[in-house]
Amino acid sequence: MAERSTDFDAIVVGAGPAGSCAAIELARAGKSVLLIERGPFPGSKNMYGGVVYPRILDELIPQWWEEAPIQRWVTRRSTMIMTPTQALTIDFRSQNWAAPPYNGATAYRPDFDHWLANKATDAGAQLLCSTVVTGVLRDSAGNVTGVRTDRPDGDLTAKVVIACDGVNSFIAKEVGLYGKADASNYTLGVKETLALPKETIDERFGVRGREGVDIEVVGCTEGVNGGGFVYTNLDTVSLGVVLKLPKLAAQKKRPEEIIASFKKHPAIAPLIEGAELKEYSAHVIPEAGYKMFPKLVGPGLLVAGDAAALCLAAGIWLEGVNFAMASGMYAGRAAAQALTRGNTGPDGLKPYLTMLDTSFVLKDHQKLQEIPHLVLSDRVQNQYPGFIANIVERMFRVDNPTPKPGLRRILLEERKRAGIRWRDLLRDGRTGMKGFG
Amino acid sequence: MTVVACLKWLTPHDADDRFGGISPADSSALEWALRLGEQRGEDVLAITVGPAAADTALRDALACGAQRAIRVDAVDELLSTDVAAAIASAIDGVDVSYVCCGDYSLDRGTGSVPAFLAAQIEARQALGLIEVVLGSDVIALRRLDGGRRERLRVDAPAVLSVEGATATLRRAPLSGALAARNATIEVVAGPVGSHLPTARRPYRPRARVLPPPKGGTLERVQSLLSGGAATKSHGVPVELSPDEAAERILAALDEWGYA
Ligand SMILES: Cc1cc2nc3c(=O)[nH]c(=O)nc-3n(C[C@H](O)[C@H](O)[C@H](O)COP(=O)(O)OP(=O)(O)OC[C@H]3O[C@@H](n4cnc5c(N)ncnc54)[C@H](O)[C@@H]3O)c2cc1C
């Protein structure tokens, strides 16, 4: 693309984790960058489950843990397999995660995103809030040359635009980077923020000080394929479910009904008893991972974070913020290098793909590409939880005077009772091993 | 000459400035100031008495088209007279045509600053306006007691205070929004809150005008005294012997739930 005079070197759309990291990179490289956010402040419109894994910030903000607005450091991770009357929990605790450099942390998005965007403005990026980008500007050859906003006289030009506008990125769609939309690639996440005194949370979840808990649950969504989560903040608990969109529609269930029944489950109810509902929020998640990626580079355009469907939703892992921060950082870095070289056409921006390819962003997605589908499959959702819970129940049940059955017999009987075919069990096991192994 | 818009920054209860802002009435006042400025070909000066966070309100005003912004630095809560005096002193030397204020702020404001300010700068005042018409004259409609209205021609210099519904603040253009982020805000030292009364009174909600109740006076008194039970007539004239009458009274009391 020929060198032209523009309002900014780069415009980043969306001050979520992806956008702020892109802006940090560009500003630190000495480029003029405008970060446009539709909310009144960064993070004001954003929600998620509640756990961030900010290790990638080591590259951008050394010792980030000393200043990031963290609620609790996750020191306990539990995975719960549930049926309406049973729950099997695998619980892991590590004090190694309670001290620097930490691992996961709970944080509120209005705080975390705001903090990260401040890092971008500290680096010299300009932030413009309460402004919605309504479209992209393109030249006759189809190259992206800027953005249109909802303000009067609202056009701005730039040599590169980075779309970090979150799931359903209409910028990526407008430029034709996505194929046909398929609802089965998306899940709906709904969450309640429930207030309890800090001491009560510490006591019920078995933690102290700033230690926190992350519980992921399968089998708690009333037959709608999905999962549940419970995370502890300082004096609130984030509790929610993630639901596969077509299933939700087909079953004609309301998400709030599913949350209500999840909250009533005997394994969950005592944790949140007496809590006051502070907030109810909902958001769509690009869940299909590798299978739904759009083209990540367009003419004068890069796409990062949820806008590029880079969220990793693979059962025991629900990670989007770290993927957004990393992809945003690489997009900013690639854009800055392209600007320095004076080539912001698709060739010039291509190193972005190499950066993603050689980092965890695409490597994790590649490795785990079958997992989202497996985790949301009917068997994992509706048959395996009961199968597993019944095996465990029979292992621990004392049926005197009947002698204890062997595990092999229980397994065979329960497999039959659950109506699971060996073939499917083996296939799912193999898929799981390939992804997780 | 200059049109002045007075904006009060409201700090949220948890002192988180991300959720701060100005009242709808102040937004209207700013819009009227901008319209007056355009109509009369005058500059618009936005002014606030408040903490550094209040710069956000001034930047928004600059983004919308105000030419100048002054913040009288004040962190304490102040009496209306002090706020008015601080504004008057900050705009001393400015050739003021109109001053536009909101009629009262959302944080239990009393709406008295505009009146004190008018007195301080020796300007006319038209307060609590529900309509403003800008033609060759400024015509303002004022709410009076008992549902009456007063239409006034307000000549400069004057202080106007408007209700929030009188105008919707325009959307700042992109160029304005970008320029305002780095625009200069003049900061002048303000008063400290030494005059605040020490005894704090409990919150008394503002009186609201309600439609007159239905029904005649007697009915309403009866209804109030009987907890609503007297709205239907219970009186039945009967002639009974003393014993029967006593029985009847007891039965009625029983029926009404007094037994
Ligand atoms: C229920 C739920 C639970 C989740 N749980 C977790 C979790 O526990 N851990 C985790 O790591 N991830 C989680 N995620 C995923 C995570 O939230 C996302 O992957 C992450 O937020 C993506 O960041 P982003 O910057 O790409 O997009 P976003 O965070 O969506 O940010 C996009 C930004 O762009 C702005 N914007 C959008 N359109 C425009 C426009 N036209 N003009 C201007 N601005 C615009 C938005 O206001 C927003 O600020 C969860 C998601 C959901 C829905």
# chains A, B, ... in the order shown; residues from 1 in each chain; ligands from 1
$ select_by_dssp --residues "range 173-228 of chain B" --states "helix (DSSP H, G or I)" --output "ChimeraX atom specification"
/B:174-180,217-225
$ residues_near_ligand --ligand "ligand 1" --cutoff "6 Å" --atoms "only C-alpha atoms and all ligand atoms" --output "JSON, numbers by chain"
{"A": [13, 14, 15, 16, 17, 18, 19, 36, 37, 38, 39, 42, 43, 45, 46, 48, 49, 50, 51, 52, 131, 132, 133, 134, 164, 165, 166, 167, 189, 190, 283, 284, 285, 305, 306, 307, 311, 318, 319, 320, 321, 322, 324]}
$ closest_atom_pairs --of "chain B" --to "chain A" --cutoff "8 Å" --atoms "only C-alpha atoms" --output "JSON lines"
{"residue": "B:Arg18", "atom": "CA", "partner": "A:Phe41", "partner_atom": "CA", "distance": 7.1}
{"residue": "B:Arg171", "atom": "CA", "partner": "A:Arg151", "partner_atom": "CA", "distance": 6.7}
{"residue": "B:Ala172", "atom": "CA", "partner": "A:Arg151", "partner_atom": "CA", "distance": 6.7}
{"residue": "B:Pro173", "atom": "CA", "partner": "A:Pro152", "partner_atom": "CA", "distance": 4.5}
{"residue": "B:Leu174", "atom": "CA", "partner": "A:Gly154", "partner_atom": "CA", "distance": 5.1}
{"residue": "B:Ser175", "atom": "CA", "partner": "A:Asp153", "partner_atom": "CA", "distance": 7.1}
{"residue": "B:Ala177", "atom": "CA", "partner": "A:Leu128", "partner_atom": "CA", "distance": 7.6}
{"residue": "B:Leu178", "atom": "CA", "partner": "A:Leu128", "partner_atom": "CA", "distance": 7.0}
$ residues_around --residues "Pro12 in chain B" --least-positions-apart "3" --cutoff "12 Å" --atoms "only C-alpha atoms" --output "list of chain:residue names"
B:Trp9, B:Ala15, B:Asp16, B:Asp17, B:Arg18, B:Phe19, B:Gly20, B:Gly21, B:Ile22, B:Ser23, B:Ala53, B:Ala54, B:Leu106, B:Asp107
$ write_last_selection --atoms "all heavy atoms" --output "compact mmCIF listing (two decimals), in the first residue's frame"
# COMPACT_ATOMS: atom_id res chain seq x y z
N TRP B 9 -20.21 18.59 39.32
CA TRP B 9 -19.74 17.20 39.27
C TRP B 9 -20.29 16.44 40.46
O TRP B 9 -20.18 16.89 41.61
CB TRP B 9 -18.21 17.18 39.29
CG TRP B 9 -17.64 15.79 39.26
CD1 TRP B 9 -17.09 15.12 40.31
CD2 TRP B 9 -17.55 14.93 38.12
NE1 TRP B 9 -16.68 13.88 39.90
CE2 TRP B 9 -16.94 13.73 38.56
CE3 TRP B 9 -17.93 15.03 36.80
CZ2 TRP B 9 -16.70 12.66 37.70
CZ3 TRP B 9 -17.70 13.97 35.95
CH2 TRP B 9 -17.08 12.80 36.41
N ALA B 15 -17.22 6.93 45.87
CA ALA B 15 -16.10 7.79 45.46
C ALA B 15 -15.33 7.22 44.27
O ALA B 15 -14.17 7.54 44.07
CB ALA B 15 -15.16 8.04 46.65
N ASP B 16 -15.99 6.37 43.47
CA ASP B 16 -15.34 5.84 42.27
C ASP B 16 -15.69 6.78 41.11
O ASP B 16 -16.81 6.77 40.61
CB ASP B 16 -15.87 4.42 42.01
CG ASP B 16 -15.14 3.75 40.85
OD1 ASP B 16 -14.55 4.47 40.02
OD2 ASP B 16 -15.17 2.52 40.78
N ASP B 17 -14.71 7.58 40.71
CA ASP B 17 -14.99 8.65 39.74
C ASP B 17 -15.41 8.14 38.37
O ASP B 17 -15.94 8.90 37.57
CB ASP B 17 -13.76 9.55 39.60
CG ASP B 17 -13.61 10.44 40.82
OD1 ASP B 17 -14.64 10.90 41.32
OD2 ASP B 17 -12.47 10.63 41.29
N ARG B 18 -15.16 6.84 38.10
CA ARG B 18 -15.60 6.31 36.80
C ARG B 18 -17.11 6.41 36.65
O ARG B 18 -17.64 6.42 35.56
CB ARG B 18 -15.17 4.85 36.65
CG ARG B 18 -13.68 4.68 36.49
CD ARG B 18 -13.31 3.23 36.43
NE ARG B 18 -13.71 2.53 37.66
CZ ARG B 18 -13.57 1.23 37.84
NH1 ARG B 18 -13.05 0.49 36.90
NH2 ARG B 18 -13.94 0.66 38.97
N PHE B 19 -17.79 6.44 37.80
CA PHE B 19 -19.25 6.49 37.74
C PHE B 19 -19.79 7.88 38.06
O PHE B 19 -20.98 8.07 38.28
CB PHE B 19 -19.84 5.44 38.70
CG PHE B 19 -19.39 4.05 38.36
CD1 PHE B 19 -18.35 3.46 39.07
CD2 PHE B 19 -19.95 3.37 37.31
CE1 PHE B 19 -17.91 2.19 38.75
CE2 PHE B 19 -19.52 2.10 36.98
CZ PHE B 19 -18.49 1.50 37.70
N GLY B 20 -18.89 8.88 38.14
CA GLY B 20 -19.32 10.25 38.39
C GLY B 20 -19.93 10.87 37.14
O GLY B 20 -19.87 10.31 36.05
N GLY B 21 -20.50 12.05 37.30
CA GLY B 21 -21.09 12.72 36.14
C GLY B 21 -21.83 13.97 36.56
O GLY B 21 -21.76 14.37 37.73
N ILE B 22 -22.54 14.57 35.62
CA ILE B 22 -23.34 15.74 35.96
C ILE B 22 -24.82 15.38 35.88
O ILE B 22 -25.18 14.35 35.31
CB ILE B 22 -23.02 16.96 35.04
CG1 ILE B 22 -23.32 16.64 33.58
CG2 ILE B 22 -21.57 17.41 35.22
CD1 ILE B 22 -23.20 17.86 32.66
N SER B 23 -25.65 16.22 36.47
CA SER B 23 -27.10 15.95 36.48
C SER B 23 -27.70 16.21 35.10
O SER B 23 -27.17 17.02 34.34
CB SER B 23 -27.78 16.88 37.48
OG SER B 23 -27.17 16.79 38.71
N ALA B 53 -11.48 15.38 39.45
CA ALA B 53 -12.28 14.46 38.64
C ALA B 53 -13.31 15.20 37.81
O ALA B 53 -13.74 14.73 36.75
CB ALA B 53 -12.98 13.44 39.54
N ALA B 54 -13.70 16.40 38.28
CA ALA B 54 -14.73 17.18 37.57
C ALA B 54 -14.23 17.68 36.21
O ALA B 54 -15.03 18.14 35.39
CB ALA B 54 -15.17 18.35 38.43
N LEU B 106 -28.72 16.35 41.17
CA LEU B 106 -29.32 15.09 41.63
C LEU B 106 -28.91 14.71 43.05
O LEU B 106 -29.53 13.86 43.66
CB LEU B 106 -28.90 13.96 40.69
CG LEU B 106 -29.65 13.85 39.37
CD1 LEU B 106 -29.18 12.63 38.61
CD2 LEU B 106 -31.15 13.78 39.59
N ASP B 107 -27.83 15.31 43.55
CA ASP B 107 -27.37 14.92 44.89
C ASP B 107 -28.07 15.77 45.95
O ASP B 107 -27.42 16.39 46.79
CB ASP B 107 -25.84 15.05 44.98
CG ASP B 107 -25.37 16.46 44.70
OD1 ASP B 107 -26.16 17.23 44.10
OD2 ASP B 107 -24.24 16.82 45.07
$ select_by_dssp --residues "range 52-216 of chain B" --states "strand (DSSP E)" --output "VMD selection string"
chain B and resid 68 to 73 96 to 102 124 to 134 138 to 143 149 to 153 158 to 162 186 to 189
$ decode --residues "range 77-88 of chain A" --atoms "N, CA and C atoms" --output "compact mmCIF listing (two decimals), in the first residue's frame"
# COMPACT_ATOMS: atom_id res chain seq x y z
N ARG A 77 -8.31 -25.40 42.55
CA ARG A 77 -9.06 -25.64 41.31
C ARG A 77 -9.83 -26.94 41.44
N SER A 78 -11.12 -26.87 41.25
CA SER A 78 -11.94 -28.07 41.37
C SER A 78 -12.68 -28.31 40.08
N THR A 79 -12.81 -29.58 39.74
CA THR A 79 -13.67 -29.94 38.62
C THR A 79 -14.76 -30.84 39.18
N MET A 80 -15.99 -30.48 38.90
CA MET A 80 -17.12 -31.18 39.51
C MET A 80 -17.94 -31.84 38.41
N ILE A 81 -18.26 -33.11 38.62
CA ILE A 81 -19.15 -33.80 37.68
C ILE A 81 -20.46 -34.02 38.42
N MET A 82 -21.53 -33.55 37.81
CA MET A 82 -22.79 -33.46 38.55
C MET A 82 -23.93 -34.19 37.87
N THR A 83 -24.80 -34.78 38.68
CA THR A 83 -26.13 -35.17 38.21
C THR A 83 -27.08 -34.47 39.17
N PRO A 84 -28.37 -34.54 38.94
CA PRO A 84 -29.26 -33.78 39.84
C PRO A 84 -29.08 -34.12 41.32
N THR A 85 -28.64 -35.38 41.62
CA THR A 85 -28.54 -35.73 43.04
C THR A 85 -27.11 -36.08 43.47
N GLN A 86 -26.16 -36.05 42.53
CA GLN A 86 -24.80 -36.47 42.88
C GLN A 86 -23.78 -35.42 42.45
N ALA A 87 -22.62 -35.45 43.05
CA ALA A 87 -21.53 -34.59 42.60
C ALA A 87 -20.21 -35.24 42.95
N LEU A 88 -19.34 -35.38 41.95
CA LEU A 88 -18.00 -35.90 42.19
C LEU A 88 -17.04 -34.75 41.95
